[in-house]
Each structure stands twice: as structure tokens, then as C-alpha cells.
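Next comes coords.cif, with mmCIF, C-alpha atoms.
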data_my_file
#
loop_
_atom_site.label_atom_id
_atom_site.label_comp_id
_atom_site.auth_asym_id
_atom_site.auth_seq_id
_atom_site.Cartn_x
_atom_site.Cartn_y
_atom_site.Cartn_z
CA MET A 23 157.26 61.81 23.60
CA THR A 24 154.70 59.12 24.49
CA ALA A 25 155.63 55.61 23.35
CA PRO A 26 153.39 54.38 20.53
CA THR A 27 150.56 51.99 21.27
CA MET A 28 150.11 48.78 19.27
CA ASN A 29 147.80 50.82 17.04
CA GLY A 30 150.59 53.33 16.49
CA LEU A 31 153.11 50.58 15.78
CA ILE A 32 150.84 49.19 13.08
CA HIS A 33 150.40 52.67 11.62
CA ASN A 34 154.18 53.15 11.50
CA ALA A 35 154.61 49.82 9.70
CA VAL A 36 152.02 50.88 7.12
CA ARG A 37 153.79 54.21 6.54
CA ARG A 38 157.12 52.38 6.27
CA ASP A 39 155.87 50.02 3.55
CA LEU A 40 154.24 52.77 1.52
CA ASP A 41 157.51 54.73 1.71
CA ARG A 42 159.41 51.64 0.53
CA LEU A 43 157.01 51.10 -2.34
CA ALA A 44 157.25 54.71 -3.48
CA ALA A 45 161.05 54.57 -3.37
CA ALA A 46 161.11 51.30 -5.35
CA LEU A 47 159.16 52.91 -8.18
CA GLU A 48 161.34 56.02 -8.47
CA VAL A 49 163.74 54.55 -11.03
CA TRP A 50 162.31 51.82 -13.24
CA PRO A 51 164.18 49.55 -15.68
CA GLU A 52 162.05 49.18 -18.80
CA GLY A 53 160.39 45.78 -19.08
CA ASP A 54 161.20 44.47 -15.60
CA ARG A 55 158.05 42.44 -15.07
CA ASP A 56 159.68 40.17 -12.49
CA ARG A 57 160.48 43.08 -10.21
CA ALA A 58 156.97 44.46 -10.68
CA GLY A 59 155.50 41.11 -9.67
CA ARG A 60 157.59 41.05 -6.51
CA LEU A 61 156.49 44.55 -5.57
CA GLY A 62 152.88 43.58 -6.20
CA ARG A 63 153.30 40.64 -3.84
CA ALA A 64 154.77 42.83 -1.11
CA PHE A 65 152.01 45.40 -1.55
CA ALA A 66 149.37 42.67 -1.34
CA ASN A 67 150.76 41.71 2.07
CA LEU A 68 150.58 45.34 3.25
CA ARG A 69 147.04 45.64 1.93
CA ARG A 70 146.01 42.46 3.71
CA GLU A 71 147.45 43.60 7.05
CA LEU A 72 145.92 47.07 6.77
CA THR A 73 142.54 45.69 5.75
CA HIS A 74 142.56 43.27 8.70
CA HIS A 75 143.47 46.15 11.02
CA HIS A 76 140.65 48.37 9.79
CA GLU A 77 138.07 45.61 9.80
CA GLY A 78 138.94 45.06 13.46
CA GLU A 79 138.45 48.72 14.19
CA ASP A 80 135.11 48.79 12.38
CA ALA A 81 133.88 45.68 14.18
CA HIS A 82 135.21 46.29 17.69
CA VAL A 83 136.89 49.64 18.37
CA TRP A 84 134.31 52.03 16.92
CA PRO A 85 131.39 50.32 18.73
CA PHE A 86 133.39 50.42 21.97
CA LEU A 87 134.06 54.13 21.56
CA ALA A 88 130.43 54.79 20.66
CA GLY A 89 129.48 53.15 23.95
CA THR A 90 131.75 55.53 25.84
CA GLY A 91 130.03 58.57 24.37
CA VAL A 92 132.40 59.47 21.53
CA ALA A 93 130.60 61.63 18.97
CA ARG A 94 128.95 59.58 16.26
CA ASP A 95 130.00 62.15 13.65
CA LEU A 96 133.67 61.52 14.45
CA LEU A 97 133.25 57.77 14.16
CA ALA A 98 131.38 58.22 10.88
CA GLU A 99 134.37 60.20 9.59
CA MET A 100 136.63 57.29 10.48
CA GLU A 101 134.36 54.85 8.64
CA ASP A 102 134.33 57.12 5.58
CA GLU A 103 138.12 57.34 5.67
CA HIS A 104 138.36 53.55 5.83
CA ALA A 105 136.16 53.33 2.74
CA ALA A 106 138.32 55.90 0.92
CA MET A 107 141.44 53.94 1.82
CA SER A 108 139.90 50.73 0.52
CA VAL A 109 139.30 52.41 -2.84
CA ALA A 110 142.81 53.88 -2.96
CA LEU A 111 144.42 50.54 -2.08
CA ALA A 112 142.40 48.78 -4.77
CA GLN A 113 143.48 51.35 -7.35
CA THR A 114 147.13 50.92 -6.41
CA GLY A 115 146.73 47.15 -6.58
CA ASP A 116 145.32 47.49 -10.10
CA ALA A 117 148.19 49.80 -11.10
CA LEU A 118 150.76 47.32 -9.82
CA ASP A 119 148.99 44.47 -11.62
CA ALA A 120 149.23 46.45 -14.86
CA LEU A 121 152.92 47.06 -14.23
CA ALA A 122 153.49 43.35 -13.61
CA ARG A 123 151.89 42.56 -16.99
CA THR A 124 154.02 44.98 -18.99
CA GLY A 125 157.00 46.05 -16.90
CA SER A 126 156.91 49.31 -18.82
CA ALA A 127 158.31 52.58 -17.54
CA ALA A 128 155.02 54.26 -18.43
CA ASP A 129 153.09 51.88 -16.19
CA ALA A 130 155.70 52.42 -13.47
CA VAL A 131 154.95 56.15 -13.63
CA ALA A 132 151.23 55.41 -13.33
CA ALA A 133 151.84 53.07 -10.39
CA ARG A 134 154.05 55.65 -8.67
CA SER A 135 151.31 58.25 -9.07
CA SER A 136 148.75 55.86 -7.60
CA VAL A 137 151.03 55.08 -4.66
CA GLY A 138 151.39 58.83 -4.06
CA ARG A 139 147.63 59.25 -3.87
CA THR A 140 147.32 56.24 -1.58
CA ARG A 141 150.00 57.59 0.75
CA GLU A 142 148.05 60.85 1.02
CA VAL A 143 144.71 59.12 1.73
CA VAL A 144 146.15 56.61 4.18
CA GLY A 145 148.46 59.12 5.87
CA ALA A 146 145.63 61.59 6.42
CA HIS A 147 143.50 58.93 8.09
CA LEU A 148 146.31 57.60 10.30
CA ASP A 149 147.14 61.14 11.44
CA HIS A 150 143.46 61.90 12.07
CA GLU A 151 142.96 58.74 14.10
CA GLU A 152 146.09 59.30 16.16
CA GLN A 153 145.18 62.90 16.91
CA GLU A 154 141.47 62.42 17.67
CA LEU A 155 141.00 58.88 18.96
CA GLU A 156 144.29 57.76 20.50
CA PRO A 157 143.96 60.24 23.40
CA LEU A 158 140.44 58.96 24.09
CA LEU A 159 141.59 55.34 24.10
CA HIS A 160 144.42 56.09 26.52
CA GLY A 161 141.83 56.82 29.17
CA HIS A 162 140.47 53.27 28.93
CA GLU A 163 143.77 51.39 29.05
CA GLY A 164 143.76 48.77 31.76
CA THR A 165 139.98 48.56 32.05
CA ALA A 166 138.25 45.21 31.68
CA GLU A 167 136.16 46.56 28.83
CA TRP A 168 139.17 47.65 26.78
CA ARG A 169 141.05 44.43 27.55
CA ALA A 170 138.09 42.54 26.11
CA VAL A 171 138.29 44.62 22.92
CA THR A 172 142.03 44.13 22.52
CA GLY A 173 141.58 40.42 23.14
CA ARG A 174 139.21 40.21 20.20
CA LEU A 175 141.56 42.27 18.04
CA ARG A 176 144.46 39.92 18.79
CA HIS A 177 142.52 36.74 18.09
CA ARG A 178 144.36 35.32 15.06
CA SER A 179 145.58 31.92 14.00
CA PRO A 180 149.26 31.17 14.75
CA ALA A 181 150.04 31.47 11.04
CA ASP A 182 148.37 34.88 10.78
CA ALA A 183 149.93 36.09 14.04
CA GLY A 184 153.38 34.94 12.90
CA SER A 185 153.04 36.71 9.56
CA PHE A 186 151.82 39.82 11.36
CA PHE A 187 154.76 40.00 13.77
CA ALA A 188 157.29 39.20 11.03
CA TRP A 189 155.83 42.11 9.04
CA LEU A 190 155.55 44.48 11.99
CA THR A 191 159.17 43.98 13.06
CA ASP A 192 160.71 44.07 9.57
CA GLY A 193 162.91 47.16 9.78
CA ILE A 194 161.25 48.37 13.00
CA SER A 195 162.95 51.29 14.75
CA ASP A 196 164.62 50.84 18.13
CA GLY A 197 161.97 53.00 19.78
CA ASP A 198 159.10 51.07 18.26
CA ARG A 199 160.75 47.76 19.16
CA ALA A 200 160.98 48.87 22.79
CA ALA A 201 157.30 49.87 22.72
CA LEU A 202 156.37 46.49 21.24
CA ARG A 203 158.30 44.66 23.97
CA ALA A 204 156.39 46.62 26.58
CA THR A 205 153.15 45.33 25.04
CA VAL A 206 154.01 41.78 23.96
CA PRO A 207 156.90 39.77 25.48
CA ALA A 208 159.85 39.55 23.09
CA PRO A 209 159.99 35.72 23.22
CA VAL A 210 156.38 35.57 22.05
CA THR A 211 156.88 37.85 19.07
CA GLY A 212 160.21 36.20 18.26
CA VAL A 213 158.86 32.66 18.19
CA LEU A 214 155.74 33.59 16.27
CA ALA A 215 157.72 35.57 13.69
CA ARG A 216 160.43 32.93 13.22
CA VAL A 217 158.23 29.84 13.24
CA PHE A 218 154.92 30.99 11.81
CA GLY A 219 156.13 34.03 9.88
CA ARG A 220 158.39 32.13 7.52
CA ARG A 221 156.20 32.83 4.50
CA TYR A 222 156.66 36.57 5.04
CA THR A 223 160.38 36.15 5.70
CA ARG A 224 160.88 34.14 2.52
CA THR A 225 158.59 35.91 0.07
CA VAL A 226 158.01 39.50 1.23
CA ALA A 227 160.94 40.72 3.33
CA PRO A 228 163.46 40.18 0.48
CA VAL A 229 161.33 42.39 -1.79
CA TRP A 230 161.60 45.29 0.62
CA ARG A 231 165.35 44.74 1.02
CA GLU A 232 165.65 44.95 -2.75
CA ALA A 233 163.55 48.13 -2.72
CA VAL A 234 165.97 49.72 -0.25
CA THR A 235 169.04 48.37 -2.09
CA PRO A 236 168.14 48.13 -5.80
CA GLY A 237 169.58 45.06 -7.47
CA ALA A 238 169.71 43.01 -4.27
CA ARG A 239 168.03 39.60 -4.33
#

What does this structure look like when you write it as C-alpha cells?
Amino acid sequence: MTAPTMNGLIHNAVRRDLDRLAAALEVWPEGDRDRAGRLGRAFANLRRELTHHHEGEDAHVWPFLAGTGVARDLLAEMEDEHAAMSVALAQTGDALDALARTGSAADAVAARSSVGRTREVVGAHLDHEEQELEPLLHGHEGTAEWRAVTGRLRHRSPADAGSFFAWLTDGISDGDRAALRATVPAPVTGVLARVFGRRYTRTVAPVWREAVTPGAR
């Protein structure tokens, strides 16, 4: 099996968080607004990272691929899927906001349903992109043109980069960690995550630990 690219690592982190969110909503204690607020905060972080990722693709990756001769219809499909994901993410955000206001089991059911739809929309796009575009991008790895694109994609402030790596590596599998180390030196990701990713470590990571082990704080 081919090791995942950075794009694939990001996709796996998105799938992981949506799985965590769905699991956290399976059993809901009536009236637990505090827990709902924490889940909403963790989801907002996922939504921010995914939105940043897709905006980078829209701005840099799709134009690059268009310049290499990739069919415009395929790229238009990707843009349409991004738009559909944006709508689904917004709907799930609204559902989690409602749950945070009431903490009710009924709103938890509605939020769980919304998360299920979002997982379907997001999962279909990630699969589509990996099947159709990843093989095309492999052929450009190492070229000056593709290095320029990845350079623009990686251009983030230290705070944003630290939050990103803290999120990406939170619960990462051994295989994905090895793939990440082959792309970015471990000391770089470690320092960024520990020093500049403290907001994520303090406010988001504990929410996901609680989701995996209900009752943990």
C-alpha cells in the first residue's frame, strides 16, 4: 500500500474527527449543555482546518492541475463538492449550536443526523479526490512547479502551523505518523505542535479524549 501524502494525512484526520463526533453523540445525557458546547468547539476547529485545506486547493491546486491538462469537468466536480461540503458543515455547526443552547436529547438526535449527512458528503469527496486526482499529482512530485504549489499551501503563521500539526497528530496512526515524518522532519512538527499548538492541546484535544472515553475531563 502506498504511504499517504500530506493531502491524504489531512483527509484521514478529517475522517477521524467526524468519527469521533458521531460516536460522542450516540448516547446523550439530557440537558448536558456543557458537553455540547465542548463538542461544538472541537467541531469548529475541524471545520476551520478543513475549510483552510479546501480554500488552498481551490486557489492553488486546481489551477495547477488545469495547467497540466486535467479535464475541466473533473475540476468543476471538485469545486461543486467543496461547495456541498461547506453547506453540510454549516448545517452541522447550526445543529451543534442548537444542542449547546438546550442540551436536549432531541437536539442531540438532530445533531447526530446532521453529522451523518456531513460524513457522507465529506467522505464521498475525499474518496473521489483520492481516486481521481492523487494519482495525477504523484506524477508531478519533485518538480519545481509542484514544489512552488506546496510552498504556497504550507505558508501559515507559526500559530496556525502549530495548531495544524497538533490537530493532525492527535491520535494519528503509526503508519500515518511515519508518512508525516517522511514529509516533514519530526523535530519541526514536534516543536510547532508543542509550542504553538498549545491552544489546541488545551481546548480541543481533551474534548476528543472525552468523546472516546465518556465522562473523562

* Asked: Skipping near chain neighbours, those fewer than 6 positions away, what residues fall within 12 Å of A:Ala112 using only C-alpha atoms, listed as a list of chain:residue names?
  ->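 Counting only the stated atoms, we get A:Gly62, A:Phe65, A:Ala66, A:Leu68, A:Arg69, A:Arg70, A:Thr73, A:Ala105, A:Ala106, A:Leu118, A:Asp119, A:Ala133, A:Ser136, A:Val137, A:Arg139, A:Thr140.
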
* Among the residues A:Glu71, A:Asp56, A:Glu167, A:Asp95, the one that comes closest to A:Ile32 [using only C-alpha atoms] ->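 Result for the nearest residue to A:Ile32: A:Glu71.
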
* Which residues fall under the PyMOL selection byres ((chain A and resi 52) around 8) in this file, as a PyMOL selection string? -> chain A and resi 50-51+53-54+125-127

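Nearest residue to A:His74, choosing from A:Ser108, A:Ser195, A:Thr90, A:Thr205 and counting only C-alpha atoms: A:Ser108.
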
* Among listed residues A:Ala117, A:Trp84, A:Asn29, A:Arg231, nearest A:Asp129 (using all atoms listed in the file) ->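 Of the candidates, the smallest distance to A:Asp129 is held by A:Ala117.
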
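Checking A:Val109, A:Ala233, A:Val36, A:Ala227 one by one against A:Leu72, counting only C-alpha atoms, you find the shortest gap at A:Val36.
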
* Measure the distance from atom CA of A:Ala122 to atom CA of A:Arg134 in Å and round it to one decimal. => 13.3 Å

* **Atom-to-atom span, atom CA of A:Gly145 and atom CA of A:Gly193, Å** =>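 Answer for the atom CA of A:Gly145 to atom CA of A:Gly193 separation: 19.2 Å.
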
Residues returned when the PyMOL selection byres ((chain A and resi 103) around 10) runs on this file, as a PDB file with C-alpha atoms, in the frame of the given file:
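Result file is part-v2.pdb:
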ATOM      1  CA  LEU A  97     133.250  57.770  14.160  1.00  0.00           C
ATOM      2  CA  ALA A  98     131.380  58.220  10.880  1.00  0.00           C
ATOM      3  CA  GLU A  99     134.370  60.200   9.590  1.00  0.00           C
ATOM      4  CA  MET A 100     136.630  57.290  10.480  1.00  0.00           C
ATOM      5  CA  GLU A 101     134.360  54.850   8.640  1.00  0.00           C
ATOM      6  CA  ASP A 102     134.330  57.120   5.580  1.00  0.00           C
ATOM      7  CA  HIS A 104     138.360  53.550   5.830  1.00  0.00           C
ATOM      8  CA  ALA A 105     136.160  53.330   2.740  1.00  0.00           C
ATOM      9  CA  ALA A 106     138.320  55.900   0.920  1.00  0.00           C
ATOM     10  CA  MET A 107     141.440  53.940   1.820  1.00  0.00           C
ATOM     11  CA  SER A 108     139.900  50.730   0.520  1.00  0.00           C
ATOM     12  CA  VAL A 109     139.300  52.410  -2.840  1.00  0.00           C
ATOM     13  CA  VAL A 143     144.710  59.120   1.730  1.00  0.00           C
ATOM     14  CA  VAL A 144     146.150  56.610   4.180  1.00  0.00           C
ATOM     15  CA  ALA A 146     145.630  61.590   6.420  1.00  0.00           C
ATOM     16  CA  HIS A 147     143.500  58.930   8.090  1.00  0.00           C
ATOM     17  CA  LEU A 148     146.310  57.600  10.300  1.00  0.00           C
ATOM     18  CA  HIS A 150     143.460  61.900  12.070  1.00  0.00           C
ATOM     19  CA  GLU A 151     142.960  58.740  14.100  1.00  0.00           C
TER      20      GLU A 151
END

* Step by step, work through what the PyMOL selection byres ((chain A and resi 229) around 8) selects in the shown file, and finish by giving those residues as a list in words. =>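 Given this file, the PyMOL selection byres ((chain A and resi 229) around 8) evaluates to Arg60, Leu61, Ala64, Thr225, Val226, Ala227, Pro228, Trp230, Arg231, Glu232, Ala233 and Arg239 of chain A.
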
* For A:Arg37, the nearest of the candidates A:Leu190, A:Ala204, A:Ala120, A:Val171, counting all atoms listed in the file ->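 Closest to A:Arg37, using all atoms listed in the file: A:Leu190.
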
* To one decimal in Å, tell me the separation between atom CA of A:Thr223 and atom CA of A:Asp196. =>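 So the two atoms, atom CA of A:Thr223 and atom CA of A:Asp196, lie 19.7 Å apart.
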
* Do a neighbour search on A:Arg174 at 10 Å with only C-alpha atoms, toss out local chain neighbours closer than 6 positions, and write the hits as a PyMOL selection string. => chain A and resi 78+81-83+168

* Asked: Which is closer to A:His162 than all the others in A:Ala44, A:Leu87, A:Ile194, A:Ala110, using all atoms listed in the file?
  ->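 Nearest candidate to A:His162 out of A:Ala44, A:Leu87, A:Ile194, A:Ala110: A:Leu87.
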
For stretch 97-125 of chain A, which lacks atoms in the input, supply N, CA and C atoms and format the output as an mmCIF file, in the coordinates of the input.
data_model
loop_
_atom_site.group_PDB
_atom_site.id
_atom_site.type_symbol
_atom_site.label_atom_id
_atom_site.label_comp_id
_atom_site.auth_asym_id
_atom_site.auth_seq_id
_atom_site.Cartn_x
_atom_site.Cartn_y
_atom_site.Cartn_z
ATOM 1 N N LEU A 97 133.118 59.168 14.561
ATOM 2 C CA LEU A 97 133.250 57.770 14.160
ATOM 3 C C LEU A 97 132.814 57.558 12.715
ATOM 4 N N ALA A 98 131.810 58.307 12.275
ATOM 5 C CA ALA A 98 131.380 58.220 10.880
ATOM 6 C C ALA A 98 132.500 58.710 9.949
ATOM 7 N N GLU A 99 133.227 59.739 10.382
ATOM 8 C CA GLU A 99 134.370 60.200 9.590
ATOM 9 C C GLU A 99 135.409 59.097 9.449
ATOM 10 N N MET A 100 135.658 58.378 10.536
ATOM 11 C CA MET A 100 136.630 57.290 10.480
ATOM 12 C C MET A 100 136.159 56.198 9.519
ATOM 13 N N GLU A 101 134.890 55.864 9.553
ATOM 14 C CA GLU A 101 134.360 54.850 8.640
ATOM 15 C C GLU A 101 134.486 55.312 7.193
ATOM 16 N N ASP A 102 134.204 56.588 6.943
ATOM 17 C CA ASP A 102 134.330 57.120 5.580
ATOM 18 C C ASP A 102 135.778 57.077 5.116
ATOM 19 N N GLU A 103 136.699 57.382 6.022
ATOM 20 C CA GLU A 103 138.120 57.340 5.670
ATOM 21 C C GLU A 103 138.569 55.912 5.380
ATOM 22 N N HIS A 104 138.049 54.954 6.119
ATOM 23 C CA HIS A 104 138.360 53.550 5.830
ATOM 24 C C HIS A 104 137.886 53.191 4.427
ATOM 25 N N ALA A 105 136.692 53.627 4.077
ATOM 26 C CA ALA A 105 136.160 53.330 2.740
ATOM 27 C C ALA A 105 137.028 53.978 1.662
ATOM 28 N N ALA A 106 137.460 55.214 1.892
ATOM 29 C CA ALA A 106 138.320 55.900 0.920
ATOM 30 C C ALA A 106 139.661 55.189 0.780
ATOM 31 N N MET A 107 140.181 54.679 1.886
ATOM 32 C CA MET A 107 141.440 53.940 1.820
ATOM 33 C C MET A 107 141.278 52.649 1.040
ATOM 34 N N SER A 108 140.152 51.970 1.236
ATOM 35 C CA SER A 108 139.900 50.730 0.520
ATOM 36 C C SER A 108 139.915 50.968 -0.991
ATOM 37 N N VAL A 109 139.308 52.068 -1.419
ATOM 38 C CA VAL A 109 139.300 52.410 -2.840
ATOM 39 C C VAL A 109 140.713 52.717 -3.326
ATOM 40 N N ALA A 110 141.453 53.511 -2.556
ATOM 41 C CA ALA A 110 142.810 53.880 -2.960
ATOM 42 C C ALA A 110 143.717 52.653 -3.037
ATOM 43 N N LEU A 111 143.605 51.756 -2.072
ATOM 44 C CA LEU A 111 144.420 50.540 -2.080
ATOM 45 C C LEU A 111 144.091 49.668 -3.286
ATOM 46 N N ALA A 112 142.802 49.566 -3.606
ATOM 47 C CA ALA A 112 142.400 48.780 -4.770
ATOM 48 C C ALA A 112 142.969 49.376 -6.054
ATOM 49 N N GLN A 113 142.945 50.694 -6.158
ATOM 50 C CA GLN A 113 143.480 51.350 -7.350
ATOM 51 C C GLN A 113 144.978 51.124 -7.480
ATOM 52 N N THR A 114 145.690 51.189 -6.366
ATOM 53 C CA THR A 114 147.130 50.920 -6.410
ATOM 54 C C THR A 114 147.395 49.464 -6.747
ATOM 55 N N GLY A 115 146.585 48.556 -6.214
ATOM 56 C CA GLY A 115 146.730 47.150 -6.580
ATOM 57 C C GLY A 115 146.546 46.941 -8.072
ATOM 58 N N ASP A 116 145.552 47.605 -8.650
ATOM 59 C CA ASP A 116 145.320 47.490 -10.100
ATOM 60 C C ASP A 116 146.510 48.059 -10.876
ATOM 61 N N ALA A 117 147.047 49.184 -10.412
ATOM 62 C CA ALA A 117 148.190 49.800 -11.100
ATOM 63 C C ALA A 117 149.412 48.894 -11.051
ATOM 64 N N LEU A 118 149.628 48.239 -9.926
ATOM 65 C CA LEU A 118 150.760 47.320 -9.820
ATOM 66 C C LEU A 118 150.536 46.060 -10.650
ATOM 67 N N ASP A 119 149.300 45.615 -10.748
ATOM 68 C CA ASP A 119 148.990 44.470 -11.620
ATOM 69 C C ASP A 119 149.302 44.814 -13.077
ATOM 70 N N ALA A 120 148.943 46.018 -13.491
ATOM 71 C CA ALA A 120 149.230 46.450 -14.860
ATOM 72 C C ALA A 120 150.734 46.495 -15.101
ATOM 73 N N LEU A 121 151.462 46.995 -14.108
ATOM 74 C CA LEU A 121 152.920 47.060 -14.230
ATOM 75 C C LEU A 121 153.527 45.667 -14.321
ATOM 76 N N ALA A 122 152.974 44.721 -13.566
ATOM 77 C CA ALA A 122 153.490 43.350 -13.610
ATOM 78 C C ALA A 122 153.244 42.711 -14.980
ATOM 79 N N ARG A 123 152.171 43.122 -15.672
ATOM 80 C CA ARG A 123 151.890 42.560 -16.990
ATOM 81 C C ARG A 123 152.832 43.095 -18.059
ATOM 82 N N THR A 124 153.237 44.348 -17.925
ATOM 83 C CA THR A 124 154.020 44.980 -18.990
ATOM 84 C C THR A 124 155.466 45.268 -18.594
ATOM 85 N N GLY A 125 155.678 45.628 -17.333
ATOM 86 C CA GLY A 125 157.000 46.050 -16.900
ATOM 87 C C GLY A 125 157.442 47.369 -17.480
#
